file my_file-v5.txt (compact mmCIF, C-alpha atoms)
# COMPACT_ATOMS: atom_id res chain seq x y z
CA MET A 69 28.43 15.16 -21.54
CA SER A 70 29.54 11.54 -21.19
CA SER A 71 27.11 8.69 -21.75
CA PRO A 72 25.70 7.04 -18.62
CA PRO A 73 27.14 3.57 -17.96
CA ARG A 74 25.26 0.74 -19.62
CA ASP A 75 22.62 -0.51 -17.20
CA GLU A 76 21.01 -3.87 -17.86
CA LEU A 77 17.83 -3.00 -15.97
CA VAL A 78 17.34 0.24 -17.90
CA MET A 79 17.89 -1.67 -21.15
CA LYS A 80 15.40 -4.33 -20.09
CA VAL A 81 12.70 -1.76 -19.38
CA LEU A 82 13.41 0.05 -22.66
CA VAL A 83 13.13 -3.24 -24.55
CA ALA A 84 9.92 -4.16 -22.68
CA LEU A 85 8.38 -0.90 -23.89
CA ARG A 86 8.91 -2.00 -27.48
CA VAL A 87 7.73 -5.61 -27.21
CA PRO A 88 4.06 -5.86 -28.24
CA GLY A 89 1.80 -7.33 -25.59
CA THR A 90 4.23 -6.71 -22.75
CA ASP A 91 3.01 -4.83 -19.68
CA THR A 92 6.13 -2.89 -18.82
CA ARG A 93 4.69 -1.93 -15.43
CA ASP A 94 4.46 -5.64 -14.59
CA VAL A 95 8.09 -6.08 -15.61
CA ILE A 96 8.98 -3.18 -13.32
CA GLN A 97 7.01 -4.69 -10.44
CA VAL A 98 8.79 -8.04 -10.72
CA HIS A 99 12.11 -6.24 -10.33
CA ARG A 100 10.80 -4.00 -7.56
CA ARG A 101 9.63 -7.00 -5.55
CA TYR A 102 12.94 -8.80 -6.07
CA LEU A 103 14.96 -5.76 -4.99
CA VAL A 104 12.82 -5.05 -1.93
CA GLY A 105 13.17 -8.74 -0.99
CA LEU A 106 16.96 -8.37 -1.20
CA MET A 107 16.76 -5.23 0.94
CA GLN A 108 14.80 -7.17 3.56
CA GLN A 109 17.62 -9.73 3.72
CA TRP A 110 20.30 -7.03 4.12
CA THR A 111 18.20 -5.30 6.76
CA ARG A 112 18.00 -8.55 8.75
CA ILE A 113 21.80 -8.62 8.79
CA LYS A 114 21.86 -5.00 9.93
CA GLU A 115 19.33 -5.72 12.62
CA ALA A 116 21.27 -8.70 13.91
CA GLU A 117 24.91 -7.68 13.61
CA ALA A 118 25.59 -4.23 12.27
CA GLU A 119 25.00 -2.34 15.52
CA SER A 120 28.05 -4.01 17.04
CA ASP A 121 30.17 -4.13 13.87
CA ILE A 122 30.66 -0.71 12.30
CA GLY A 123 32.41 -2.10 9.23
CA LEU A 124 29.58 -4.47 8.47
CA GLY A 125 27.08 -1.66 9.13
CA LEU A 126 28.77 0.56 6.56
CA VAL A 127 28.82 -2.19 3.94
CA VAL A 128 25.18 -3.10 4.53
CA ASP A 129 24.15 0.57 4.38
CA ALA A 130 26.03 0.99 1.09
CA GLU A 131 24.22 -1.97 -0.42
CA LEU A 132 20.85 -0.78 0.92
CA PHE A 133 21.33 2.73 -0.51
CA ARG A 134 22.40 1.24 -3.86
CA LEU A 135 19.34 -1.02 -4.04
CA ASP A 136 17.11 1.82 -2.84
CA ALA A 137 18.34 4.00 -5.71
CA VAL A 138 17.34 1.29 -8.19
CA VAL A 139 13.89 0.94 -6.60
CA ARG A 140 13.45 4.73 -6.79
CA TRP A 141 14.32 4.66 -10.48
CA LEU A 142 11.76 1.87 -10.98
CA ASP A 143 9.14 3.97 -9.13
CA ALA A 144 9.92 6.95 -11.34
CA ALA A 145 9.83 4.81 -14.48
CA ASP A 146 6.50 3.30 -13.41
CA GLY A 147 5.01 6.76 -12.92
CA ARG A 148 6.40 8.03 -16.22
CA ILE A 149 4.99 5.05 -18.14
CA LYS A 150 1.62 5.41 -16.40
CA ARG A 151 1.43 9.11 -17.28
CA GLY A 152 2.51 8.30 -20.85
CA ALA A 153 -0.33 5.80 -21.21
CA GLU A 154 -2.99 8.22 -20.02
CA PRO A 155 -4.82 10.31 -22.62
CA SER A 156 -3.32 13.77 -22.69
CA ALA A 157 -5.49 16.75 -21.82
CA ASP A 158 -3.34 18.85 -24.12
CA PRO A 159 -4.10 18.09 -27.79
CA GLN A 160 -0.80 19.71 -28.74
CA ALA A 161 1.17 17.36 -26.50
CA THR A 162 3.17 14.73 -28.34
CA THR A 163 5.43 11.85 -27.39
CA THR A 164 7.15 11.56 -30.73
CA THR A 165 10.74 12.52 -31.28
CA THR A 166 9.95 15.10 -33.95
CA GLY A 167 10.82 18.62 -33.03
CA THR A 168 13.70 17.76 -30.69
CA THR A 169 16.99 19.57 -31.05
CA PRO A 170 19.93 17.81 -32.75
CA ALA A 171 21.77 17.71 -29.43
CA VAL A 172 18.89 15.88 -27.72
CA ALA A 173 18.58 13.52 -30.69
CA LYS A 174 22.29 12.76 -30.40
CA VAL A 175 22.01 12.03 -26.68
CA ARG A 176 19.00 9.83 -27.37
CA ARG A 177 20.98 7.77 -29.88
CA ARG A 178 23.97 7.44 -27.53
CA ILE A 179 21.92 6.17 -24.61
CA GLY A 180 19.87 3.85 -26.80
CA ALA A 181 16.47 5.44 -26.02
CA ARG A 182 14.65 5.48 -29.32
CA GLY A 183 11.42 7.42 -29.45
CA MET B 89 -4.31 -15.25 15.47
CA SER B 90 -4.78 -12.41 13.03
CA VAL B 91 -4.95 -9.06 14.80
CA LEU B 92 -6.08 -7.40 11.58
CA GLU B 93 -8.20 -9.14 8.96
CA MET B 94 -9.37 -7.31 5.87
CA ARG B 95 -11.47 -9.32 3.42
CA ARG B 96 -12.57 -8.03 0.01
CA VAL B 97 -12.47 -4.47 1.32
CA SER B 98 -13.44 -1.75 -1.13
CA ARG B 99 -13.76 1.99 -0.77
CA THR B 100 -15.42 4.23 -3.31
CA TYR B 101 -15.76 7.99 -3.28
CA GLY B 102 -18.24 10.01 -5.32
CA LEU B 103 -21.00 8.82 -7.63
CA GLY B 104 -21.55 8.25 -11.34
CA ALA B 105 -18.93 9.80 -13.57
CA ALA B 106 -17.12 11.22 -10.54
CA GLU B 107 -16.82 7.81 -8.88
CA VAL B 108 -13.31 6.96 -7.68
CA HIS B 109 -12.34 3.48 -6.51
CA ALA B 110 -9.74 4.12 -3.82
CA LEU B 111 -9.60 0.45 -2.79
CA ARG B 112 -10.78 -2.67 -4.62
CA ASP B 113 -11.15 -6.12 -3.07
CA ILE B 114 -8.31 -5.80 -0.59
CA ASP B 115 -7.40 -8.92 1.37
CA LEU B 116 -4.85 -8.39 4.12
CA MET B 117 -4.13 -10.43 7.25
CA VAL B 118 -1.64 -9.33 9.89
CA GLU B 119 -0.74 -11.74 12.67
CA ALA B 120 0.31 -10.81 16.18
CA GLY B 121 4.02 -9.96 16.16
CA ALA B 122 4.13 -9.37 12.41
CA MET B 123 5.11 -6.18 10.66
CA VAL B 124 3.64 -5.54 7.22
CA ALA B 125 4.73 -2.64 5.03
CA VAL B 126 2.40 -1.28 2.37
CA MET B 127 4.14 0.35 -0.57
CA GLY B 128 2.70 2.10 -3.57
CA PRO B 129 2.73 5.40 -5.44
CA SER B 130 0.69 8.42 -4.39
CA GLY B 131 -2.99 7.77 -4.96
CA SER B 132 -2.64 3.99 -4.83
CA GLY B 133 -4.85 3.75 -1.73
CA LYS B 134 -2.21 3.26 1.00
CA SER B 135 -3.55 5.85 3.43
CA THR B 136 -7.17 4.87 2.78
CA LEU B 137 -6.28 1.28 3.65
CA LEU B 138 -4.74 2.46 6.91
CA THR B 139 -7.67 4.65 7.95
CA ILE B 140 -10.11 1.81 7.27
CA ALA B 141 -7.92 -0.67 9.19
CA GLY B 142 -7.93 1.78 12.08
CA SER B 143 -11.72 2.25 11.95
CA LEU B 144 -11.31 5.95 11.23
CA GLU B 145 -13.22 5.42 8.00
CA GLU B 146 -15.80 2.86 6.92
CA PRO B 147 -15.33 0.67 3.86
CA SER B 148 -17.88 0.70 1.03
CA GLY B 149 -17.77 -3.08 1.01
CA GLY B 150 -16.03 -6.05 2.60
CA GLU B 151 -15.19 -7.00 6.14
CA VAL B 152 -12.64 -5.60 8.60
CA ARG B 153 -11.83 -7.37 11.85
CA VAL B 154 -9.53 -6.03 14.53
CA CYS B 155 -8.66 -8.38 17.37
CA GLY B 156 -11.47 -10.65 16.15
CA GLN B 157 -14.16 -7.94 16.23
CA ASP B 158 -16.02 -7.09 13.04
CA LEU B 159 -15.81 -3.30 12.80
CA THR B 160 -18.89 -3.03 10.62
CA LYS B 161 -21.01 -4.65 13.35
CA LEU B 162 -19.76 -2.49 16.21
CA SER B 163 -21.59 0.58 17.42
CA ARG B 164 -19.88 3.94 17.12
CA ASN B 165 -19.00 3.89 20.83
CA ALA B 166 -17.69 0.34 20.70
CA ARG B 167 -15.49 1.25 17.74
CA ALA B 168 -14.14 4.26 19.62
CA ARG B 169 -13.38 2.04 22.63
CA LEU B 170 -11.58 -0.48 20.40
CA ARG B 171 -9.54 2.36 18.89
CA ARG B 172 -8.54 3.65 22.32
CA ARG B 173 -7.62 0.27 23.77
CA SER B 174 -6.27 -1.80 20.92
CA ILE B 175 -5.05 0.47 18.12
CA GLY B 176 -2.14 2.90 18.12
CA TYR B 177 -1.49 5.42 15.36
CA VAL B 178 1.75 7.04 14.26
CA PHE B 179 1.63 9.88 11.74
CA GLN B 180 4.31 11.60 9.70
CA ASP B 181 3.83 14.89 11.56
CA PHE B 182 3.86 13.27 15.04
CA ASN B 183 0.55 14.88 16.20
CA LEU B 184 1.76 15.45 19.76
CA LEU B 185 -0.19 17.91 21.87
CA PRO B 186 2.11 20.92 22.34
CA GLY B 187 0.80 21.84 25.81
CA LEU B 188 1.60 18.43 27.31
CA THR B 189 4.97 16.97 28.26
CA ALA B 190 6.26 13.83 26.58
CA ALA B 191 5.08 11.73 29.54
CA GLU B 192 1.64 13.37 29.52
CA ASN B 193 1.28 12.84 25.77
CA VAL B 194 2.10 9.16 26.16
CA ALA B 195 -0.23 8.71 29.14
CA LEU B 196 -3.12 10.55 27.47
CA PRO B 197 -4.72 7.59 25.61
CA LEU B 198 -4.86 5.61 28.84
CA GLU B 199 -6.40 8.51 30.75
CA LEU B 200 -8.99 8.97 27.99
CA ASP B 201 -9.82 5.30 28.42
CA GLY B 202 -10.53 5.77 32.12
CA VAL B 203 -7.24 4.64 33.60
CA PRO B 204 -6.49 6.69 36.76
CA ALA B 205 -4.06 9.52 36.00
CA ARG B 206 -1.37 8.24 38.37
CA LYS B 207 -1.45 4.73 36.91
CA ALA B 208 -1.50 6.11 33.36
CA ARG B 209 1.51 8.31 34.13
CA VAL B 210 3.47 5.32 35.47
CA ALA B 211 2.66 3.29 32.34
CA GLY B 212 3.63 6.26 30.15
CA LEU B 213 6.98 6.68 31.91
CA GLN B 214 7.65 2.97 31.65
CA THR B 215 7.00 3.03 27.89
CA LEU B 216 9.24 6.08 27.45
CA GLU B 217 11.95 4.27 29.37
CA GLU B 218 11.64 1.22 27.11
CA LEU B 219 12.13 3.51 24.12
CA GLY B 220 15.18 5.21 25.64
CA LEU B 221 13.41 8.50 26.34
CA ALA B 222 13.13 8.49 30.13
CA ASP B 223 15.30 11.60 30.42
CA ARG B 224 13.00 13.51 28.06
CA ALA B 225 9.77 12.69 29.90
CA ALA B 226 9.32 16.21 31.28
CA SER B 227 10.12 17.94 27.98
CA PHE B 228 7.45 19.57 25.84
CA PRO B 229 7.27 18.67 22.13
CA ASP B 230 8.92 21.92 21.03
CA GLN B 231 11.91 21.06 23.23
CA LEU B 232 12.42 17.72 21.43
CA SER B 233 14.18 16.96 18.15
CA GLY B 234 12.15 15.52 15.26
CA GLY B 235 13.46 12.02 15.98
CA GLU B 236 12.61 12.31 19.67
CA ARG B 237 9.10 13.57 18.87
CA GLN B 238 8.45 10.58 16.65
CA ARG B 239 9.78 8.22 19.33
CA VAL B 240 7.36 9.82 21.80
CA ALA B 241 4.57 9.34 19.23
CA ILE B 242 5.50 5.65 18.98
CA ALA B 243 5.49 5.37 22.78
CA ARG B 244 1.99 6.86 22.77
CA ALA B 245 0.95 4.37 20.09
CA VAL B 246 2.11 1.29 21.97
CA VAL B 247 1.40 2.31 25.58
CA GLY B 248 -0.91 -0.03 27.49
CA GLU B 249 -2.18 -3.16 25.84
CA ARG B 250 -2.30 -1.98 22.24
CA GLN B 251 -2.26 -4.86 19.80
CA LEU B 252 -2.29 -3.07 16.46
CA LEU B 253 0.07 -0.28 15.44
CA LEU B 254 -0.79 1.67 12.28
CA ALA B 255 1.87 4.02 10.95
CA ASP B 256 1.49 6.37 7.99
CA GLU B 257 4.90 7.43 6.63
CA PRO B 258 6.26 7.41 10.21
CA SER B 259 9.71 8.62 9.22
CA GLY B 260 8.75 10.82 6.30
CA ALA B 261 9.94 13.97 8.06
CA LEU B 262 13.15 12.46 9.47
CA ASP B 263 16.68 11.90 8.18
CA SER B 264 17.85 8.37 7.43
CA VAL B 265 19.44 7.80 10.87
CA ASN B 266 16.32 8.83 12.79
CA GLY B 267 14.14 7.04 10.25
CA GLU B 268 16.01 3.83 10.94
CA ALA B 269 15.68 4.40 14.70
CA VAL B 270 11.91 4.73 14.29
CA MET B 271 11.71 1.51 12.30
CA ARG B 272 13.82 -0.29 14.91
CA LEU B 273 11.33 0.78 17.59
CA ILE B 274 8.35 -0.42 15.56
CA HIS B 275 10.19 -3.66 14.86
CA ALA B 276 10.92 -4.07 18.58
CA ALA B 277 7.24 -3.51 19.39
CA CYS B 278 6.37 -6.30 16.96
CA LYS B 279 8.82 -8.62 18.70
CA ARG B 280 6.82 -8.00 21.87
CA GLY B 281 3.69 -9.20 20.06
CA VAL B 282 2.22 -6.04 18.52
CA ALA B 283 0.99 -6.34 14.92
CA ALA B 284 2.04 -3.39 12.75
CA VAL B 285 1.05 -2.00 9.38
CA VAL B 286 3.42 0.64 8.07
CA VAL B 287 2.54 2.66 4.99
CA THR B 288 5.58 4.04 3.23
CA HIS B 289 6.97 4.81 -0.20
CA ASP B 290 10.51 4.31 1.15
CA ALA B 291 11.95 0.88 0.30
CA GLN B 292 14.62 1.13 3.00
CA LEU B 293 11.98 1.53 5.68
CA ALA B 294 9.72 -1.11 4.14
CA SER B 295 12.61 -3.56 4.25
CA TRP B 296 12.27 -3.74 8.05
CA ALA B 297 8.93 -5.47 7.56
CA ASP B 298 8.35 -9.21 7.55
CA ARG B 299 6.18 -8.81 4.46
CA VAL B 300 5.87 -6.00 1.94
CA VAL B 301 2.55 -5.58 0.14
CA PHE B 302 2.44 -3.53 -3.05
CA LEU B 303 -0.63 -1.47 -3.96
CA ARG B 304 -1.43 -0.12 -7.39
CA ASP B 305 -4.63 1.70 -8.33
CA GLY B 306 -6.37 0.51 -5.16
CA ARG B 307 -5.48 -3.16 -5.57
CA VAL B 308 -2.91 -5.40 -3.92
CA THR B 309 -0.83 -6.37 -6.93
CA ASP B 310 2.07 -8.16 -5.31
CA HIS B 311 3.87 -9.01 -2.08
CA THR B 312 7.30 -10.20 -1.01
CA LEU B 313 7.97 -13.76 0.08
CA PRO B 314 9.13 -14.72 3.59
CA VAL B 315 12.65 -13.43 4.16
CA PRO B 316 15.23 -16.23 3.81
CA GLY B 317 18.36 -16.43 5.96
CA PRO B 318 21.40 -14.21 5.24
CA GLU B 319 23.32 -17.09 3.66
CA SER B 320 20.99 -16.83 0.65
CA LEU B 321 22.68 -13.52 -0.23
CA LEU B 322 25.88 -15.48 -0.93
CA THR B 323 24.23 -17.65 -3.52
CA GLN B 324 22.48 -14.95 -5.52
CA GLY B 325 23.80 -13.31 -8.63
CA PRO B 326 23.86 -9.59 -9.37
CA SER B 327 20.77 -7.74 -8.23
CA GLN B 328 19.71 -6.88 -11.78

call {"tool": "encode", "arguments": {"input": "my_file-v5.txt", "output": "structure tokens"}}
result
Amino acid sequence: MSSPPRDELVMKVLVALRVPGTDTRDVIQVHRRYLVGLMQQWTRIKEAEAESDIGLGLVVDAELFRLDAVVRWLDAADGRIKRGAEPSADPQATTTTTGTTPAVAKVRRRIGARG
Amino acid sequence: MSVLEMRRVSRTYGLGAAEVHALRDIDLMVEAGAMVAVMGPSGSGKSTLLTIAGSLEEPSGGEVRVCGQDLTKLSRNARARLRRRSIGYVFQDFNLLPGLTAAENVALPLELDGVPARKARVAGLQTLEELGLADRAASFPDQLSGGERQRVAIARAVVGERQLLLADEPSGALDSVNGEAVMRLIHAACKRGVAAVVVTHDAQLASWADRVVFLRDGRVTDHTLPVPGPESLLTQGPSQ
């Protein structure tokens, strides 16, 4: 399995998780708002021009789907962090990296996600 | 003028240890002609906000005004009248009556409000025509595609003199092309002066709105700024 491409936003969220006193969900929200704001601007272009210009419509759609994918990842990350912060009902549940297989530990090192 | 005004609106369910705060101190104003999208994860209070805005549910605290009328001070009958005349609803699962044609479904709210059947039918047909569905007026819901059903539901929501359109995941059951068509129709209704609140978890649909409000744990935590012109996209760096 090849490593995923380096993604600055993923790195930023991973770093935020490790900085004491940082509310990672707030960091996520700042990015979410920025991205949705960008999507609003692209949608205005689509609304105004893209119906009559198929090339422009395709380009705008591509950008909207790309931004949407990032927002969806932020939503998923937000939910994962929220669940991680809640007290677990299962006393056996753990969030540490102990007990993982060597293969998973190797992947974790390659993608930079330390436990 | 604000068509919808929500001030310090709260909604609590249950008591004591079982108490759940679905909404906390919500402030939301929606002007005539504006479209506001409400985004947030499941359980953030989006649908509760919409049902309270539409007077389908009462808040535990705060004030809700629709078209200048304080909902908490209206009688049950007056609230029902306001709902029939001024508020249109669009739901994810369309909620069309299967035994009525598209035209009859659209005309129904007017007839329930006392408009003569003939006049209501004419208004319904006119609204269907505006939404590009005139040729489907005589079709029953099960003869329509999902996209057409939702367009009929939007026609029903804006028929007559409705001033506030409330939509809960209006394109949740549709593909992206039909979803966009639905948002274009809601956007067009806003250009004619209707105020709209659209609840969605889909950023692409929310991006049709003039303003996007973000809910988390029953609170408004953030909102987008007014949308600048397209030239601003040329001056921005990478989106990360």

call {"tool": "interface_residues", "arguments": {"input": "my_file-v5.txt", "of": "chain A", "to": "chain B", "cutoff": "12 Å", "atoms": "all atoms listed in the file", "output": "ChimeraX atom specification"}}
result
/A:75-81,93-94,96-117,119,128-148,150

call {"tool": "atom_distance", "arguments": {"input": "my_file-v5.txt", "atom1": "atom CA of B:Ile140", "atom2": "atom CA of B:Arg172"}}
result
15.2 Å

call {"tool": "atom_distance", "arguments": {"input": "my_file-v5.txt", "atom1": "atom CA of B:Arg112", "atom2": "atom CA of B:Thr136"}}
result
11.2 Å

call {"tool": "atom_distance", "arguments": {"input": "my_file-v5.txt", "atom1": "atom CA of B:Leu159", "atom2": "atom CA of B:Leu92"}}
result
10.6 Å

call {"tool": "closest_residue", "arguments": {"input": "my_file-v5.txt", "among": "B:Ala283, B:Ala245, B:Val308, B:Met127", "to": "B:Leu184", "atoms": "only C-alpha atoms"}}
result
B:Ala245

call {"tool": "residues_near_point", "arguments": {"input": "my_file-v5.txt", "point": "(-9.1, -5.3, 0.5)", "cutoff": "7 Å", "atoms": "only C-alpha atoms", "output": "tab-separated table (two decimals) with C-alpha atoms, in the coordinates of the input"}}
result
chain	number	residue	atom	x	y	z
B	94	MET	CA	-9.37	-7.31	5.87
B	95	ARG	CA	-11.47	-9.32	3.42
B	96	ARG	CA	-12.57	-8.03	0.01
B	97	VAL	CA	-12.47	-4.47	1.32
B	98	SER	CA	-13.44	-1.75	-1.13
B	111	LEU	CA	-9.60	0.45	-2.79
B	112	ARG	CA	-10.78	-2.67	-4.62
B	113	ASP	CA	-11.15	-6.12	-3.07
B	114	ILE	CA	-8.31	-5.80	-0.59
B	115	ASP	CA	-7.40	-8.92	1.37
B	116	LEU	CA	-4.85	-8.39	4.12

call {"tool": "residues_near_point", "arguments": {"input": "my_file-v5.txt", "point": "(4.8, 10.2, 26.9)", "cutoff": "7 Å", "atoms": "only C-alpha atoms", "output": "list of chain:residue names"}}
result
B:Thr189, B:Ala190, B:Ala191, B:Glu192, B:Asn193, B:Val194, B:Ala195, B:Gly212, B:Leu213, B:Leu216, B:Ala225, B:Val240, B:Ala243, B:Arg244

call {"tool": "decode", "arguments": {"input": "my_file-v5.txt", "residues": "stretch 120-193 of chain B", "atoms": "C-alpha atoms", "output": "JSON list (two decimals), in the first residue's frame"}}
result
[["chain", "number", "residue", "atom", "x", "y", "z"],
["B", 120, "ALA", "CA", -37.11, 38.76, 2.73],
["B", 121, "GLY", "CA", -35.31, 37.42, -0.34],
["B", 122, "ALA", "CA", -32.50, 35.84, 1.67],
["B", 123, "MET", "CA", -31.55, 32.20, 1.74],
["B", 124, "VAL", "CA", -29.87, 30.88, 4.88],
["B", 125, "ALA", "CA", -28.43, 27.39, 5.11],
["B", 126, "VAL", "CA", -28.04, 25.71, 8.49],
["B", 127, "MET", "CA", -25.28, 23.12, 8.66],
["B", 128, "GLY", "CA", -24.25, 20.86, 11.48],
["B", 129, "PRO", "CA", -23.77, 17.22, 12.40],
["B", 130, "SER", "CA", -26.61, 14.90, 13.38],
["B", 131, "GLY", "CA", -27.99, 15.88, 16.76],
["B", 132, "SER", "CA", -26.77, 19.48, 16.53],
["B", 133, "GLY", "CA", -30.33, 20.84, 16.60],
["B", 134, "LYS", "CA", -30.87, 21.66, 12.91],
["B", 135, "SER", "CA", -34.27, 20.03, 12.54],
["B", 136, "THR", "CA", -35.46, 21.31, 15.92],
["B", 137, "LEU", "CA", -34.57, 24.83, 14.82],
["B", 138, "LEU", "CA", -36.62, 24.36, 11.67],
["B", 139, "THR", "CA", -39.70, 22.95, 13.42],
["B", 140, "ILE", "CA", -39.66, 25.83, 15.91],
["B", 141, "ALA", "CA", -39.22, 28.40, 13.11],
["B", 142, "GLY", "CA", -42.21, 26.83, 11.39],
["B", 143, "SER", "CA", -44.33, 26.88, 14.57],
["B", 144, "LEU", "CA", -44.65, 23.10, 14.50],
["B", 145, "GLU", "CA", -43.02, 23.02, 17.93],
["B", 146, "GLU", "CA", -42.83, 25.54, 20.76],
["B", 147, "PRO", "CA", -39.53, 26.75, 22.18],
["B", 148, "SER", "CA", -38.73, 26.32, 25.88],
["B", 149, "GLY", "CA", -37.53, 29.91, 25.93],
["B", 150, "GLY", "CA", -36.92, 32.92, 23.71],
["B", 151, "GLU", "CA", -38.94, 34.65, 21.05],
["B", 152, "VAL", "CA", -39.87, 33.61, 17.50],
["B", 153, "ARG", "CA", -41.43, 36.05, 15.07],
["B", 154, "VAL", "CA", -42.67, 35.15, 11.60],
["B", 155, "CYS", "CA", -43.70, 38.03, 9.36],
["B", 156, "GLY", "CA", -43.61, 40.26, 12.45],
["B", 157, "GLN", "CA", -45.96, 38.08, 14.52],
["B", 158, "ASP", "CA", -44.75, 36.69, 17.83],
["B", 159, "LEU", "CA", -45.58, 32.97, 17.66],
["B", 160, "THR", "CA", -45.65, 32.58, 21.42],
["B", 161, "LYS", "CA", -48.46, 35.15, 21.68],
["B", 162, "LEU", "CA", -50.66, 33.67, 18.95],
["B", 163, "SER", "CA", -53.52, 31.32, 19.66],
["B", 164, "ARG", "CA", -53.36, 27.80, 18.31],
["B", 165, "ASN", "CA", -55.75, 28.71, 15.48],
["B", 166, "ALA", "CA", -53.86, 31.88, 14.60],
["B", 167, "ARG", "CA", -50.62, 29.90, 14.43],
["B", 168, "ALA", "CA", -52.24, 27.35, 12.14],
["B", 169, "ARG", "CA", -53.51, 30.16, 9.90],
["B", 170, "LEU", "CA", -50.03, 31.72, 9.77],
["B", 171, "ARG", "CA", -48.58, 28.32, 8.85],
["B", 172, "ARG", "CA", -51.09, 27.85, 6.03],
["B", 173, "ARG", "CA", -50.71, 31.33, 4.58],
["B", 174, "SER", "CA", -47.13, 32.36, 5.15],
["B", 175, "ILE", "CA", -44.95, 29.27, 5.64],
["B", 176, "GLY", "CA", -44.08, 26.55, 3.17],
["B", 177, "TYR", "CA", -42.32, 23.32, 4.10],
["B", 178, "VAL", "CA", -40.16, 21.03, 1.99],
["B", 179, "PHE", "CA", -39.11, 17.67, 3.42],
["B", 180, "GLN", "CA", -36.57, 15.10, 2.31],
["B", 181, "ASP", "CA", -39.26, 12.53, 1.54],
["B", 182, "PHE", "CA", -41.48, 14.99, -0.40],
["B", 183, "ASN", "CA", -44.68, 14.24, 1.60],
["B", 184, "LEU", "CA", -46.97, 14.47, -1.42],
["B", 185, "LEU", "CA", -50.42, 12.95, -1.10],
["B", 186, "PRO", "CA", -50.42, 9.89, -3.37],
["B", 187, "GLY", "CA", -54.12, 10.12, -4.29],
["B", 188, "LEU", "CA", -53.83, 13.66, -5.67],
["B", 189, "THR", "CA", -52.29, 14.82, -8.94],
["B", 190, "ALA", "CA", -49.33, 17.19, -8.93],
["B", 191, "ALA", "CA", -51.66, 20.15, -9.57],
["B", 192, "GLU", "CA", -54.02, 19.06, -6.78],
["B", 193, "ASN", "CA", -51.13, 18.63, -4.34]]
